[in-house]
$ cat data06.cif   # mmCIF, C-alpha atoms
data_run
loop_
_atom_site.label_atom_id
_atom_site.label_comp_id
_atom_site.auth_asym_id
_atom_site.auth_seq_id
_atom_site.Cartn_x
_atom_site.Cartn_y
_atom_site.Cartn_z
CA MET A 214 -34.49 -43.51 77.34
CA CYS A 215 -32.58 -40.26 76.86
CA LEU A 216 -34.72 -37.28 75.91
CA THR A 217 -32.50 -36.51 72.93
CA MET A 218 -33.30 -39.89 71.44
CA SER A 219 -37.07 -39.47 71.39
CA ALA A 220 -38.95 -38.77 68.17
CA PRO A 221 -40.68 -35.54 69.38
CA TYR A 222 -37.34 -34.15 70.49
CA ASN A 223 -35.75 -34.95 67.13
CA VAL A 224 -38.52 -33.01 65.36
CA ARG A 225 -38.05 -29.99 67.63
CA TRP A 226 -34.29 -30.21 67.19
CA MET A 227 -34.52 -30.27 63.40
CA LYS A 228 -36.89 -27.28 63.41
CA ALA A 229 -34.53 -25.35 65.68
CA VAL A 230 -31.56 -26.12 63.40
CA ALA A 231 -33.53 -25.01 60.32
CA LYS A 232 -34.65 -21.74 61.95
CA CYS A 233 -31.17 -20.99 63.24
CA SER A 234 -29.56 -21.72 59.86
CA ALA A 235 -32.11 -19.62 57.99
CA GLY A 236 -31.69 -16.74 60.44
CA SER A 237 -27.93 -16.93 60.20
CA SER A 238 -28.01 -16.84 56.38
CA LEU A 239 -30.39 -13.87 56.35
CA CYS A 240 -28.26 -11.95 58.85
CA TYR A 241 -25.16 -12.64 56.79
CA VAL A 242 -26.66 -11.18 53.60
CA VAL A 243 -28.19 -8.14 55.29
CA SER A 244 -25.14 -7.31 57.41
CA GLU A 245 -22.82 -7.61 54.42
CA TYR A 246 -24.66 -4.89 52.54
CA ILE A 247 -25.03 -2.73 55.66
CA ILE A 248 -21.31 -2.86 56.45
CA GLU A 249 -20.23 -2.15 52.88
CA GLY A 250 -22.74 0.71 52.48
CA THR A 251 -21.84 2.25 55.81
CA SER A 252 -18.12 2.16 54.97
CA TYR A 253 -18.55 4.06 51.71
CA LEU A 254 -21.03 6.50 53.28
CA LEU A 255 -18.60 7.33 56.09
CA MET A 256 -15.73 7.91 53.65
CA ALA A 257 -17.95 10.08 51.46
CA VAL A 258 -18.81 12.28 54.46
CA LEU A 259 -15.15 12.58 55.43
CA ALA A 260 -14.17 13.34 51.83
CA ALA A 261 -16.85 16.01 51.59
CA GLY A 262 -15.47 17.64 54.75
CA GLY A 263 -11.96 17.65 53.29
CA MET A 264 -10.61 15.21 55.87
CA VAL A 265 -9.84 12.50 53.30
CA SER A 266 -8.73 12.89 49.72
CA LEU A 267 -10.90 11.44 47.01
CA GLY A 268 -8.14 9.00 46.03
CA ASN A 269 -8.12 7.43 49.49
CA VAL A 270 -11.88 7.00 49.80
CA VAL A 271 -11.93 3.57 48.17
CA LYS A 272 -8.80 2.39 50.04
CA TYR A 273 -10.05 3.44 53.48
CA ALA A 274 -13.57 2.20 52.81
CA GLY A 275 -12.14 -1.21 51.90
CA CYS A 276 -10.09 -1.32 55.10
CA ILE A 277 -13.12 -0.48 57.23
CA ARG A 278 -15.22 -3.05 55.37
CA ASN A 279 -12.59 -5.77 55.92
CA MET A 280 -12.24 -4.93 59.60
CA PHE A 281 -15.96 -5.05 60.30
CA GLY A 282 -16.34 -7.99 57.93
CA GLY A 283 -13.94 -10.05 60.06
CA LEU A 284 -15.87 -9.12 63.18
CA ASP A 285 -19.09 -10.00 61.41
CA LYS A 286 -17.79 -13.48 60.55
CA VAL A 287 -16.95 -14.07 64.21
CA ILE A 288 -20.46 -13.06 65.22
CA LYS A 289 -21.97 -15.33 62.57
CA ARG A 290 -20.12 -18.29 64.07
CA VAL A 291 -22.10 -17.94 67.29
CA PRO A 292 -25.20 -19.82 65.98
CA ASP A 293 -22.96 -22.61 64.63
CA LEU A 294 -21.22 -22.80 67.99
CA PHE A 295 -24.60 -23.00 69.71
CA LEU A 296 -25.70 -25.84 67.43
CA SER A 297 -22.45 -27.76 67.99
CA VAL A 298 -22.68 -27.39 71.76
CA ARG A 299 -26.31 -28.51 71.81
CA ARG A 300 -25.55 -31.48 69.56
CA ASN A 301 -22.66 -32.58 71.77
CA LEU A 302 -24.78 -32.14 74.89
CA GLY A 303 -27.16 -34.71 73.44
CA ILE A 304 -24.26 -37.15 73.03
CA LEU A 305 -23.13 -36.49 76.59
CA GLU A 306 -26.67 -37.07 77.86
CA LEU A 307 -26.75 -40.39 76.07
CA ALA A 308 -23.34 -41.38 77.45
CA ALA A 309 -24.48 -40.42 80.95
CA LEU A 310 -27.45 -42.79 80.93
CA GLU A 311 -27.13 -45.29 83.72
CA ASP A 312 -27.01 -48.96 82.88
CA ASP A 313 -29.93 -50.38 84.85
CA MET A 314 -29.27 -54.00 83.85
CA TYR A 315 -28.63 -56.37 86.71
CA LYS A 316 -24.90 -56.77 87.38
CA GLY A 317 -23.95 -60.34 88.16
CA LYS A 318 -20.81 -61.18 90.10
CA LEU A 319 -20.44 -64.90 89.40
CA PRO A 320 -17.29 -65.65 87.35
CA VAL A 321 -17.71 -67.65 84.17
CA GLU A 322 -16.02 -71.03 84.31
CA LYS A 323 -13.11 -71.15 81.88
CA ARG A 324 -13.25 -74.41 79.96
CA SER A 325 -10.56 -75.41 77.48
CA ASP A 326 -12.96 -77.88 75.83
CA GLY A 327 -15.51 -75.14 75.11
CA HIS A 328 -18.33 -77.20 76.60
CA TYR A 329 -20.87 -74.49 77.33
CA SER A 330 -24.55 -75.20 76.88
CA ILE A 331 -27.22 -72.53 76.40
CA GLU A 332 -30.95 -72.93 77.02
CA PHE A 333 -33.83 -70.49 76.54
CA LYS A 334 -36.67 -71.30 78.93
CA ASN A 335 -40.08 -69.67 78.37
CA VAL A 336 -38.44 -66.44 77.21
CA SER A 337 -40.65 -63.51 76.20
CA PHE A 338 -39.43 -60.06 75.24
CA LYS A 339 -40.73 -56.83 73.74
CA TYR A 340 -38.66 -53.78 72.94
CA PRO A 341 -39.05 -50.69 75.16
CA GLY A 342 -41.94 -48.50 74.07
CA THR A 343 -43.74 -51.25 72.15
CA GLU A 344 -46.63 -53.51 73.05
CA GLN A 345 -45.94 -56.32 70.59
CA TYR A 346 -43.71 -59.19 71.68
CA ALA A 347 -40.59 -59.71 69.57
CA LEU A 348 -40.27 -63.18 71.16
CA LYS A 349 -43.03 -65.03 72.98
CA ASP A 350 -42.80 -68.21 75.07
CA PHE A 351 -39.51 -69.08 73.38
CA ASN A 352 -37.80 -72.36 74.27
CA LEU A 353 -34.61 -73.63 72.66
CA LYS A 354 -31.54 -75.54 73.79
CA LEU A 355 -28.23 -75.13 71.99
CA ASN A 356 -26.35 -78.38 72.03
CA ILE A 357 -22.59 -78.25 72.59
CA GLY A 358 -20.73 -78.08 69.28
CA GLU A 359 -23.94 -77.82 67.27
CA LYS A 360 -24.26 -75.92 63.99
CA LEU A 361 -27.72 -74.32 64.14
CA ALA A 362 -29.34 -72.32 61.34
CA ILE A 363 -32.13 -69.87 62.14
CA VAL A 364 -34.55 -68.90 59.40
CA GLY A 365 -37.75 -66.93 59.19
CA LEU A 366 -39.37 -63.88 57.68
CA ASN A 367 -38.28 -60.35 58.59
CA GLY A 368 -39.44 -59.41 62.08
CA SER A 369 -39.85 -63.00 63.23
CA GLY A 370 -37.46 -62.58 66.18
CA LYS A 371 -34.21 -64.02 64.84
CA THR A 372 -31.95 -61.05 65.63
CA THR A 373 -33.78 -60.45 68.90
CA MET A 374 -32.79 -63.93 70.03
CA ILE A 375 -29.12 -63.13 69.32
CA LYS A 376 -29.34 -59.84 71.23
CA LEU A 377 -30.86 -61.59 74.23
CA LEU A 378 -28.23 -64.31 74.07
CA CYS A 379 -25.46 -61.68 74.11
CA ARG A 380 -27.33 -59.91 76.91
CA LEU A 381 -27.76 -56.64 75.08
CA TYR A 382 -31.25 -56.90 76.58
CA ASP A 383 -32.72 -58.98 79.39
CA PRO A 384 -35.91 -61.02 78.88
CA ASP A 385 -39.17 -59.64 80.22
CA GLU A 386 -40.19 -63.18 81.15
CA GLY A 387 -38.35 -66.47 81.42
CA GLU A 388 -34.61 -67.02 81.68
CA ILE A 389 -31.56 -67.91 79.64
CA LEU A 390 -29.26 -70.48 81.18
CA LEU A 391 -25.54 -71.07 80.69
CA ASN A 392 -24.64 -74.53 81.94
CA GLY A 393 -27.80 -74.41 84.04
CA VAL A 394 -27.17 -70.96 85.58
CA ASP A 395 -29.10 -67.78 84.69
CA ILE A 396 -26.78 -65.64 82.56
CA LYS A 397 -27.71 -62.54 84.57
CA LYS A 398 -25.73 -63.94 87.51
CA PHE A 399 -22.44 -63.95 85.59
CA ARG A 400 -20.00 -61.07 85.26
CA GLN A 401 -20.93 -59.33 82.02
CA ASP A 402 -17.35 -58.81 80.82
CA GLN A 403 -16.52 -62.49 81.21
CA TYR A 404 -19.82 -63.64 79.73
CA SER A 405 -19.30 -61.47 76.63
CA GLU A 406 -15.97 -63.18 75.97
CA LEU A 407 -17.85 -66.38 75.13
CA PHE A 408 -19.26 -64.96 71.89
CA SER A 409 -17.88 -63.97 68.51
CA VAL A 410 -20.68 -62.05 66.83
CA VAL A 411 -21.15 -60.59 63.37
CA PHE A 412 -24.34 -58.53 63.25
CA GLN A 413 -25.97 -57.19 60.11
CA ASP A 414 -24.76 -53.66 60.90
CA PHE A 415 -21.13 -54.45 61.73
CA GLN A 416 -18.55 -51.68 61.50
CA LEU A 417 -15.11 -51.58 59.90
CA PHE A 418 -12.65 -48.78 60.50
CA ASP A 419 -10.23 -46.82 58.33
CA PHE A 420 -7.34 -48.79 59.76
CA GLU A 421 -5.12 -51.54 58.43
CA ILE A 422 -6.79 -54.78 57.41
CA GLY A 423 -4.99 -56.74 60.10
CA GLU A 424 -6.07 -54.26 62.78
CA ASN A 425 -9.68 -54.58 61.63
CA VAL A 426 -9.52 -58.36 61.88
CA ALA A 427 -7.99 -58.41 65.35
CA ALA A 428 -9.78 -55.26 66.60
CA SER A 429 -6.42 -54.31 68.10
CA ARG A 430 -3.18 -52.56 67.18
CA ASN A 431 -1.18 -55.54 68.44
CA TYR A 432 -2.09 -58.88 66.90
CA ASP A 433 -0.84 -62.20 65.61
CA ARG A 434 -0.14 -61.52 61.92
CA GLU A 435 -0.03 -65.15 60.81
CA ARG A 436 -3.29 -65.91 62.56
CA ALA A 437 -4.99 -62.84 61.08
CA TRP A 438 -3.81 -63.82 57.59
CA LYS A 439 -5.23 -67.34 57.95
CA CYS A 440 -8.56 -65.97 59.19
CA LEU A 441 -8.85 -63.71 56.14
CA GLU A 442 -8.05 -66.57 53.80
CA ALA A 443 -10.60 -68.77 55.55
CA ALA A 444 -13.22 -66.05 55.09
CA GLY A 445 -12.55 -65.91 51.34
CA PHE A 446 -10.69 -62.59 51.27
CA GLY A 447 -7.41 -64.15 50.15
CA GLU A 448 -7.68 -63.18 46.46
CA LYS A 449 -7.47 -59.45 47.21
CA LEU A 450 -5.15 -59.83 50.19
CA LYS A 451 -1.77 -58.23 49.48
CA SER A 452 -0.68 -57.14 52.93
CA LEU A 453 -2.17 -56.88 56.39
CA ASP A 454 -0.71 -53.36 56.49
CA THR A 455 -3.00 -52.18 53.69
CA TYR A 456 -5.47 -49.57 54.86
CA ILE A 457 -9.19 -49.87 54.27
CA ARG A 458 -10.60 -46.88 52.39
CA LYS A 459 -8.80 -43.54 52.14
CA GLY A 460 -9.14 -42.26 55.70
CA TYR A 461 -5.41 -42.54 56.41
CA GLY A 462 -2.93 -42.59 53.57
CA ASP A 463 -3.37 -44.76 50.50
CA GLY A 464 -5.98 -47.41 51.16
CA ILE A 465 -8.12 -49.75 49.08
CA GLU A 466 -11.80 -49.38 48.44
CA ILE A 467 -13.66 -52.57 49.31
CA SER A 468 -17.10 -53.76 48.28
CA GLY A 469 -19.90 -54.68 50.67
CA GLY A 470 -19.19 -58.38 50.17
CA GLU A 471 -15.48 -57.93 50.91
CA ALA A 472 -16.32 -55.97 54.05
CA GLN A 473 -18.50 -58.87 55.20
CA LYS A 474 -15.62 -61.28 54.66
CA ILE A 475 -13.37 -59.15 56.88
CA ALA A 476 -16.09 -59.11 59.54
CA ILE A 477 -16.31 -62.91 59.38
CA ALA A 478 -12.52 -63.13 59.68
CA ARG A 479 -12.80 -60.99 62.81
CA ALA A 480 -15.23 -63.51 64.31
CA ILE A 481 -12.84 -66.36 63.51
CA TYR A 482 -9.90 -64.49 65.02
CA LYS A 483 -11.59 -63.99 68.40
CA ASP A 484 -11.71 -67.78 68.86
CA ALA A 485 -14.70 -67.78 71.23
CA PRO A 486 -16.73 -70.90 72.16
CA PHE A 487 -19.85 -69.50 70.40
CA ILE A 488 -19.92 -68.11 66.86
CA LEU A 489 -23.00 -66.02 66.00
CA LEU A 490 -23.51 -64.86 62.41
CA ASP A 491 -26.55 -62.65 61.85
CA GLU A 492 -26.86 -62.47 58.04
CA PRO A 493 -23.25 -61.35 57.57
CA THR A 494 -23.20 -62.56 53.94
CA ALA A 495 -26.27 -60.70 52.66
CA ALA A 496 -24.14 -58.82 50.09
CA LEU A 497 -22.71 -62.04 48.66
CA ASP A 498 -24.17 -64.17 45.91
CA PRO A 499 -25.63 -67.57 46.98
CA ILE A 500 -22.62 -69.56 45.76
CA SER A 501 -20.09 -67.39 47.61
CA GLU A 502 -22.23 -67.52 50.73
CA TYR A 503 -22.42 -71.29 50.61
CA GLU A 504 -18.66 -71.61 50.04
CA ILE A 505 -17.93 -69.44 53.07
CA TYR A 506 -20.41 -71.18 55.34
CA SER A 507 -19.42 -74.72 54.35
CA GLY A 508 -15.72 -73.92 54.76
CA PHE A 509 -16.46 -71.96 57.91
CA GLY A 510 -17.96 -75.07 59.49
CA LYS A 511 -14.65 -76.88 59.11
CA ILE A 512 -12.67 -73.98 60.53
CA ILE A 513 -14.63 -73.53 63.75
CA GLY A 514 -14.45 -77.24 64.51
CA ASP A 515 -16.40 -78.23 67.61
CA LYS A 516 -17.50 -74.70 68.52
CA THR A 517 -21.21 -73.98 68.84
CA ALA A 518 -22.39 -71.87 65.90
CA ILE A 519 -25.60 -70.07 65.02
CA TYR A 520 -26.23 -68.89 61.47
CA ILE A 521 -29.05 -66.56 60.45
CA SER A 522 -29.70 -66.42 56.72
CA HIS A 523 -32.59 -65.72 54.37
CA ARG A 524 -31.13 -68.10 51.77
CA LEU A 525 -32.31 -71.53 52.82
CA SER A 526 -29.92 -73.34 50.48
CA SER A 527 -27.02 -71.96 52.53
CA CYS A 528 -28.38 -73.61 55.69
CA LYS A 529 -28.40 -77.15 54.34
CA PHE A 530 -25.03 -78.02 55.87
CA CYS A 531 -26.26 -77.25 59.41
CA GLU A 532 -27.18 -80.13 61.69
CA ARG A 533 -30.38 -78.42 62.81
CA ILE A 534 -32.60 -75.63 61.52
CA ALA A 535 -34.92 -73.56 63.70
CA VAL A 536 -37.84 -71.83 61.98
CA PHE A 537 -39.13 -68.59 63.51
CA HIS A 538 -42.49 -67.00 62.79
CA GLU A 539 -44.05 -63.95 64.46
CA GLY A 540 -41.79 -64.20 67.50
CA ARG A 541 -42.26 -67.92 68.07
CA LEU A 542 -40.28 -71.05 67.34
CA ILE A 543 -42.59 -73.15 65.16
CA GLN A 544 -40.32 -75.84 63.65
CA THR A 545 -36.97 -77.53 64.24
CA GLY A 546 -35.21 -80.29 62.35
CA SER A 547 -32.72 -80.98 59.60
CA HIS A 548 -33.20 -79.66 56.07
CA SER A 549 -34.53 -82.96 54.76
CA GLU A 550 -36.84 -83.44 57.75
CA LEU A 551 -38.37 -80.00 57.39
CA LEU A 552 -38.91 -80.43 53.66
CA ARG A 553 -40.90 -83.60 54.31
CA ASP A 554 -43.41 -81.49 56.23
CA THR A 555 -45.12 -80.05 53.16
CA GLY A 556 -47.58 -78.11 55.30
CA GLY A 557 -44.89 -76.37 57.34
CA LYS A 558 -43.47 -72.86 57.09
CA TYR A 559 -40.02 -74.06 56.07
CA TYR A 560 -41.40 -75.92 53.07
CA GLU A 561 -43.41 -72.82 52.13
CA MET A 562 -40.33 -70.58 52.23
CA TRP A 563 -38.21 -73.15 50.38
CA GLU A 564 -40.72 -73.42 47.56
CA ALA A 565 -41.00 -69.63 47.32
CA GLN A 566 -37.23 -69.31 46.87
CA ALA A 567 -37.07 -72.32 44.58
CA GLN A 568 -39.71 -70.81 42.33
CA TYR A 569 -37.60 -67.67 41.94
CA TYR A 570 -34.53 -69.66 40.89
CA ARG A 571 -36.56 -71.83 38.50
CA GLU A 572 -38.04 -68.77 36.82
CA ASN A 573 -34.56 -67.28 36.40
CA GLY A 574 -32.96 -70.50 35.16
CA GLN A 575 -30.77 -70.99 38.23
CA GLU A 576 -31.86 -74.42 39.34
CA ALA A 577 -28.25 -75.39 40.02
CA LEU A 578 -28.14 -73.06 43.00
CA LEU A 579 -30.81 -75.11 44.72
CA ALA A 580 -28.67 -78.23 44.53
CA ILE A 581 -25.73 -76.64 46.31
#
$ encode --input "data06.cif" --output "structure tokens"
Amino acid sequence: MCLTMSAPYNVRWMKAVAKCSAGSSLCYVVSEYIIEGTSYLLMAVLAAGGMVSLGNVVKYAGCIRNMFGGLDKVIKRVPDLFLSVRRNLGILELAALEDDMYKGKLPVEKRSDGHYSIEFKNVSFKYPGTEQYALKDFNLKLNIGEKLAIVGLNGSGKTTMIKLLCRLYDPDEGEILLNGVDIKKFRQDQYSELFSVVFQDFQLFDFEIGENVAASRNYDRERAWKCLEAAGFGEKLKSLDTYIRKGYGDGIEISGGEAQKIAIARAIYKDAPFILLDEPTAALDPISEYEIYSGFGKIIGDKTAIYISHRLSSCKFCERIAVFHEGRLIQTGSHSELLRDTGGKYYEMWEAQAQYYRENGQEALLAI
């Protein structure tokens, strides 16, 4: 890990910035008074010696003050320049880190039918610098064309599974297989093309809506429009040329829920064999989330999809639900099957959410 990313370094860096800023401010105040006082003192001496008339004392003193004041401002910029250089050096150090992940050379088979199967076999993983496993002895097979929902408490390993699947990290133990072959053996660029992913911390840009959907300046406008409508953004959609936010020209301000709909449209537009949605509808109400997910299932057709959501009612349309707890897969089955296991974790979470809706008079949301 880069030195600039470590916690001790960040503390030292913040202290250095504070000291430099404080020193710069102090120097600015002191030097301002010194320059102004020196200017008037010099003119007073010259006036007393008859070299300058009394009427020109103020004028010449002001000129000297402005001249040295400009030089003083240049000098004061030096600490800011130092801070900017040091900050950018940290970015360059991060960019210069070598990728030590294994580089496979096997090309990914291009299949028009999208029949790619994924299997996790005895996978264990813990993040660098930690001792606790984020996933432990994890086994799961994704069936071709399956709609799988993943549920569990925070920190149970749901997002970690997605990161491993996309090969943002490699497992510490076990292997992940694509059509029976370890994913590490495939070319990373070709393997990444198999996935359309919407993470919790997705990013939109101050570009046109259509460019955000396609992640490109050149795109199929009709296709982008349909993807936005499918994601539920159609009501506010006036033109694909409309800018998001005010970064460039006149744009529109969008809410968190609308931003999530654009991110979902981006996943639809990529048209990859696997669709991975990691709580992309957290800013939406339960009804809107269900409407998007249920309609989304029709749009993606026979693609393999994985949905992560904290709202269990939104997972009811999935063929299978996987329940995570403390880095382990503890239950799988359909919604009705898991509810029949009254001693299981899924039933416990369902009842906890159901109790909230009952107390707030929103029983109808449970029947969605």
$ residues_near_point --input "data06.cif" --point "(-20.5, -60.5, 84.6)" --cutoff "7 Å" --atoms "all atoms listed in the file" --output "CSV table (one decimal) with C-alpha atoms, in the frame of the given file"
chain,number,residue,atom,x,y,z
A,316,LYS,CA,-24.9,-56.8,87.4
A,317,GLY,CA,-24.0,-60.3,88.2
A,318,LYS,CA,-20.8,-61.2,90.1
A,319,LEU,CA,-20.4,-64.9,89.4
A,320,PRO,CA,-17.3,-65.6,87.4
A,398,LYS,CA,-25.7,-63.9,87.5
A,399,PHE,CA,-22.4,-64.0,85.6
A,400,ARG,CA,-20.0,-61.1,85.3
A,401,GLN,CA,-20.9,-59.3,82.0
A,402,ASP,CA,-17.4,-58.8,80.8
A,403,GLN,CA,-16.5,-62.5,81.2
A,404,TYR,CA,-19.8,-63.6,79.7
$ resolve_selection --input "data06.cif" --expression "the PyMOL selection byres ((chain A and resi 436) around 12)" --output "list in words"
Gly423, Glu424, Val426, Ala427, Tyr432, Asp433, Arg434, Glu435, Ala437, Trp438, Lys439, Cys440, Leu441, Glu442, Ala443, Leu453, Ala478, Arg479, Ile481, Tyr482, Lys483 and Asp484 of chain A
$ axis_aligned_box --input "data06.cif" --around "range 429-444 of chain A" --padding-each-side "6 Å" --output "JSON"
{"center_x": -6.6, "center_y": -60.7, "center_z": 61.1, "size_x": 25.2, "size_y": 28.2, "size_z": 26.6}
$ atom_distance --input "data06.cif" --atom1 "CA of Leu391 in chain A" --atom2 "CA of Leu525 in chain A"
28.7 Å
$ residues_around --input "data06.cif" --residues "Thr517 in chain A" --least-positions-apart "4" --cutoff "6 Å" --atoms "only C-alpha atoms" --output "PyMOL selection string"
chain A and resi 357-359+487
$ write_last_selection --input "data06.cif" --atoms "C-alpha atoms" --output "mmCIF file, in the coordinates of the input"
data_model
loop_
_atom_site.group_PDB
_atom_site.id
_atom_site.type_symbol
_atom_site.label_atom_id
_atom_site.label_comp_id
_atom_site.auth_asym_id
_atom_site.auth_seq_id
_atom_site.Cartn_x
_atom_site.Cartn_y
_atom_site.Cartn_z
ATOM 1 C CA ILE A 357 -22.590 -78.250 72.590
ATOM 2 C CA GLY A 358 -20.730 -78.080 69.280
ATOM 3 C CA GLU A 359 -23.940 -77.820 67.270
ATOM 4 C CA PHE A 487 -19.850 -69.500 70.400
#
$ closest_residue --input "data06.cif" --among "A:Pro384, A:Gly365, A:Gly393, A:Pro486" --to "Tyr560 in chain A" --atoms "all atoms listed in the file"
A:Gly365
$ residues_around --input "data06.cif" --residues "Asp350 in chain A" --least-positions-apart "6" --cutoff "10 Å" --atoms "all atoms listed in the file" --output "PyMOL selection string"
chain A and resi 333-338+386-387+540-542
$ closest_residue --input "data06.cif" --among "A:Phe408, A:Tyr382, A:Phe295, A:Trp563" --to "Gly327 in chain A" --atoms "only C-alpha atoms"
A:Phe408
$ residues_around --input "data06.cif" --residues "Asp419 in chain A" --least-positions-apart "5" --cutoff "12 Å" --atoms "all atoms listed in the file" --output "PyMOL selection string"
chain A and resi 424-425+428+454-467+472
